[in-house]
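As structure tokens, the structure follows; a few thoughts come after it.
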Amino acid sequence: MAVALALVMVVAVAGLGGCKAKTDTGTGTDTGSSGPTKGGTLSFYINEPAFIDPVNAQESEGMQVVNAIFDSLVDFDPVTSEIMPSAAESWEGNADASVWTFKLRKGAKFHNGREVKAQDFKYAWERICNPENKSEISYHLAAVKGFDEMAAGTAKELSGVKVVDDYTLEVTLAYPFGDFEYVVGHPALAPVPAEELDTPDKVKAFLDKPIGNGPFMMSEPWAHNQGIKVVRFDDYYGDAALLDSVDFKIFKDEETAFLEFKAGNLDFTSIPGGQIDASIQEYGESTDGYTVESGKQVLTGSELSTYYVIFNNKDAALKNADVRRALSMAINREVIVTSVYEGTRSPATGIVPKGIVGYQDGAWPYAKYDKEAAAALLEKAGFPGGKGLPEITLSFNSGSGHEPVMQLIQSDLKAIGVNAKLDGQEWAQYLDKLDAGEFQMGRLGWLADYPIMDNFLYPLFYSKSADNHSFYADPAVDTAILDARKVTDPAARVEAYRTIEKTIGEAAPVAPIVGYKHQRVGSDRIRDFVFSPMSLAALDKAWIESK
């Protein structure tokens, strides 16, 4: 998913599990209290989301809300990223991973009181794939038989999704896909109650107050640019949440949010650049990097994500691969790490981050700083010393701490004779510009939707993916990605993806900049609060210490 995110995974063809609440962190924080208690409201900083309706849940801010109010078929442990049961109590794939069968829990309910059934997943997935809904995340279901027909408008349903009975969902794929069990863990692939969307007015209401099946439910409609409030769903199939409510407070920039945190008005926020070391000194650093404990409140754990600069491969100047290679090699990532992130992040040498099985250091040959080589490539492209190359606009979402990074990149480009001007925009509007291709260079972060290599290669570089904002297109790479999905042997599948990553890197369609690490802090009153490597908060087990 796009963001405003180390772990070893075991890829299996079948998953089984027993009764489970949404998460089971088992942190057992020793606070000197009598133990977890119910009650209280946790306040949580987010930017204004693009969507909180799962039909288009596509970015980090709205995903915090979606993850709190919806449960998909499977989930991931918030510390280890291990796949776990969720709305499905068990599942299995056939021998070639082309048919997957999911057994749903009986008695699980939507927030309107109705029981969740297999038909609700079929409806929700087809809603995402319906072209009329203009979902930008339908690619998650691209492997499902019938997806292409729905995308083309020649079918109204996913022929591969079969409701065997109320509690059995059978999914037939267009081709074998060994990692499909991970895909269905995406929060947006949760069930949706059709009766809450059967009129235009209901559809409009659902956008701001979706009805899910998770441990929390919306208490009121989304107050745009102000906040989103959710409360505990007491009829949840798992263990009920301990918190009474979560108040997602919306601020335009993290500096304002951080001031609110310091004033005692927020429980969880990001830390602005330049204040990480000071925050660690004041609040203490988390032992594992993901769990907030009193006196160990700053989170610095590695994230399954990469911060990168996008080149519009359709742009007259940037469609030249040597220009893209030159610009990538002109960027001094080490300086960005030390001066902006105070050494808490690491230079990215490929698009797949550390922590994903298959990670390879140095996968992209042009994702490194070499000013002389950059100048030589620029000359090879026909622009010696930058002469003849028009000024380039470097766009980014403002108010989230990206300005210092963009300024350093601007300076690096200037050093090889390339003039760049900065263009900051609000997050939602910025995403619209990227989708429309109305940019030359931009920045994004890609956070794992699910912890596999495919999630960094298919969405970002498959030519028909809505998240391929660079507009990179290579038919051979498209074929290779689809072929890799069909490999049932986990080790062989990873090797296929490793080769694909290197092939894409040669073309330098984007410039990986840094690997993310958490840069967050929690208040000293929250307990058993975990912020996962995929940058999702495990709110269902968090609680507040009474003072």
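Following the order of the structure tokens, first chain is A, next is B, and so on, with residues numbered from 1 inside each chain and ligands from 1 in the order they appear.
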
For A:Thr488: contacts at 9 Å, only C-alpha atoms, fewer than 3 positions along chain excluded, given as a ChimeraX atom specification:
/A:13,95-97,176-179,484-485,491-493

Mind dumping the selected residues with N, CA and C atoms as a PDB file, in the first residue's frame?
ATOM      1  N   VAL A  13       1.234 -24.068   1.922  1.00  0.00           N
ATOM      2  CA  VAL A  13       0.101 -24.208   1.023  1.00  0.00           C
ATOM      3  C   VAL A  13      -1.201 -24.316   1.808  1.00  0.00           C
ATOM      4  N   ALA A  95      -3.246 -29.213  -4.678  1.00  0.00           N
ATOM      5  CA  ALA A  95      -1.855 -29.589  -4.942  1.00  0.00           C
ATOM      6  C   ALA A  95      -1.090 -28.545  -5.733  1.00  0.00           C
ATOM      7  N   ASP A  96      -1.732 -27.912  -6.708  1.00  0.00           N
ATOM      8  CA  ASP A  96      -1.007 -26.913  -7.514  1.00  0.00           C
ATOM      9  C   ASP A  96      -1.356 -25.480  -7.135  1.00  0.00           C
ATOM     10  N   ALA A  97      -2.009 -25.286  -5.983  1.00  0.00           N
ATOM     11  CA  ALA A  97      -2.342 -23.952  -5.453  1.00  0.00           C
ATOM     12  C   ALA A  97      -3.225 -23.137  -6.395  1.00  0.00           C
ATOM     13  N   PRO A 176      -2.223 -21.105 -11.009  1.00  0.00           N
ATOM     14  CA  PRO A 176      -1.744 -21.412  -9.652  1.00  0.00           C
ATOM     15  C   PRO A 176      -1.040 -20.212  -9.039  1.00  0.00           C
ATOM     16  N   PHE A 177      -1.244 -19.991  -7.756  1.00  0.00           N
ATOM     17  CA  PHE A 177      -0.621 -18.865  -7.058  1.00  0.00           C
ATOM     18  C   PHE A 177      -0.309 -19.326  -5.643  1.00  0.00           C
ATOM     19  N   GLY A 178       0.950 -19.694  -5.419  1.00  0.00           N
ATOM     20  CA  GLY A 178       1.343 -20.260  -4.151  1.00  0.00           C
ATOM     21  C   GLY A 178       1.215 -19.331  -2.966  1.00  0.00           C
ATOM     22  N   ASP A 179       1.240 -18.026  -3.210  1.00  0.00           N
ATOM     23  CA  ASP A 179       1.157 -17.051  -2.117  1.00  0.00           C
ATOM     24  C   ASP A 179      -0.246 -16.504  -1.898  1.00  0.00           C
ATOM     25  N   ALA A 484       6.048 -16.565 -12.123  1.00  0.00           N
ATOM     26  CA  ALA A 484       6.559 -16.768 -10.765  1.00  0.00           C
ATOM     27  C   ALA A 484       5.428 -17.112  -9.806  1.00  0.00           C
ATOM     28  N   ARG A 485       4.274 -16.511 -10.001  1.00  0.00           N
ATOM     29  CA  ARG A 485       3.129 -16.786  -9.139  1.00  0.00           C
ATOM     30  C   ARG A 485       2.713 -18.257  -9.201  1.00  0.00           C
ATOM     31  N   ALA A 491      10.821 -22.087  -2.286  1.00  0.00           N
ATOM     32  CA  ALA A 491      12.181 -21.626  -2.551  1.00  0.00           C
ATOM     33  C   ALA A 491      12.360 -21.247  -4.015  1.00  0.00           C
ATOM     34  N   ALA A 492      11.818 -22.049  -4.916  1.00  0.00           N
ATOM     35  CA  ALA A 492      11.934 -21.749  -6.347  1.00  0.00           C
ATOM     36  C   ALA A 492      11.160 -20.488  -6.707  1.00  0.00           C
ATOM     37  N   ARG A 493      10.021 -20.300  -6.044  1.00  0.00           N
ATOM     38  CA  ARG A 493       9.225 -19.104  -6.302  1.00  0.00           C
ATOM     39  C   ARG A 493       9.999 -17.849  -5.886  1.00  0.00           C
TER      40      ARG A 493
END

Would you mind writing down, as an MDAnalysis selection string, each residue of stretch 303-534 of chain A that DSSP on the backbone assigns to strand (DSSP E)?
chainID A and resid 303:311 346:347 392:397 420:425 441:447 510:517 520:522 526:527 529:530

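Here atom CA of A:Pro451 is placed at a distance of 27.1 Å from atom CA of A:Met150.
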
Near A:Ala480, within 10 Å and counting only C-alpha atoms, which residues show up once chain neighbours fewer than 4 positions away are dropped, as a PyMOL selection string?
chain A and resi 462+474-476+484-485+496-497+499-500

Can I get the selection written as a CSV table (one decimal), in the first residue's frame, with C-alpha atoms?
chain,number,residue,atom,x,y,z
A,462,TYR,CA,3.1,-5.0,-13.6
A,474,ASP,CA,7.9,-4.5,-20.0
A,475,PRO,CA,5.9,-7.4,-21.5
A,476,ALA,CA,8.7,-9.8,-20.5
A,484,ALA,CA,6.6,-16.8,-10.8
A,485,ARG,CA,3.1,-16.8,-9.1
A,496,ALA,CA,12.1,-16.4,-9.6
A,497,TYR,CA,11.1,-13.1,-7.9
A,499,THR,CA,15.6,-12.5,-10.8
A,500,ILE,CA,12.6,-10.3,-11.7

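Between A:Ile409 and the residues A:Asn56, A:Ser339, A:Ser86, A:Asn332, the shortest atom-to-atom distance, using only C-alpha atoms, involves A:Asn332.
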
Tell me which protein, DNA and RNA residues are within 7 Å of stretch 264-274 of chain A, counting only C-alpha atoms, leaving out same-chain ones fewer than 4 positions away, and put them as JSON, numbers by chain.
{"A": [42, 43, 44, 45, 254, 255, 257, 258, 260, 340, 341, 342, 401, 519, 520, 521, 522, 523]}

Since we have the selection now, will you write its residues out, keeping C-alpha atoms, as a compact mmCIF listing (two decimals), in the first residue's frame?
# COMPACT_ATOMS: atom_id res chain seq x y z
CA LEU A 42 -6.77 5.89 22.97
CA SER A 43 -6.03 8.87 20.73
CA PHE A 44 -4.11 8.13 17.53
CA TYR A 45 -2.69 10.59 14.97
CA GLU A 254 3.14 15.69 12.06
CA GLU A 255 4.75 18.71 13.73
CA ALA A 257 0.50 16.28 16.09
CA PHE A 258 3.80 15.93 17.93
CA GLU A 260 -0.26 17.73 20.83
CA VAL A 340 17.11 13.67 8.04
CA TYR A 341 16.61 10.38 9.86
CA GLU A 342 19.45 10.65 12.37
CA GLY A 401 8.24 15.50 6.93
CA GLN A 519 9.57 6.74 13.89
CA ARG A 520 6.73 6.73 16.39
CA VAL A 521 6.13 7.35 20.07
CA GLY A 522 3.39 6.29 22.46
CA SER A 523 2.25 7.79 25.73

From the options A:Ala142, A:Ala374, A:Asp524, A:Phe51, which residue's atoms come nearest to A:Val298, counting only C-alpha atoms?
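Answer, going by the shortest atom-to-atom distance: A:Asp524.
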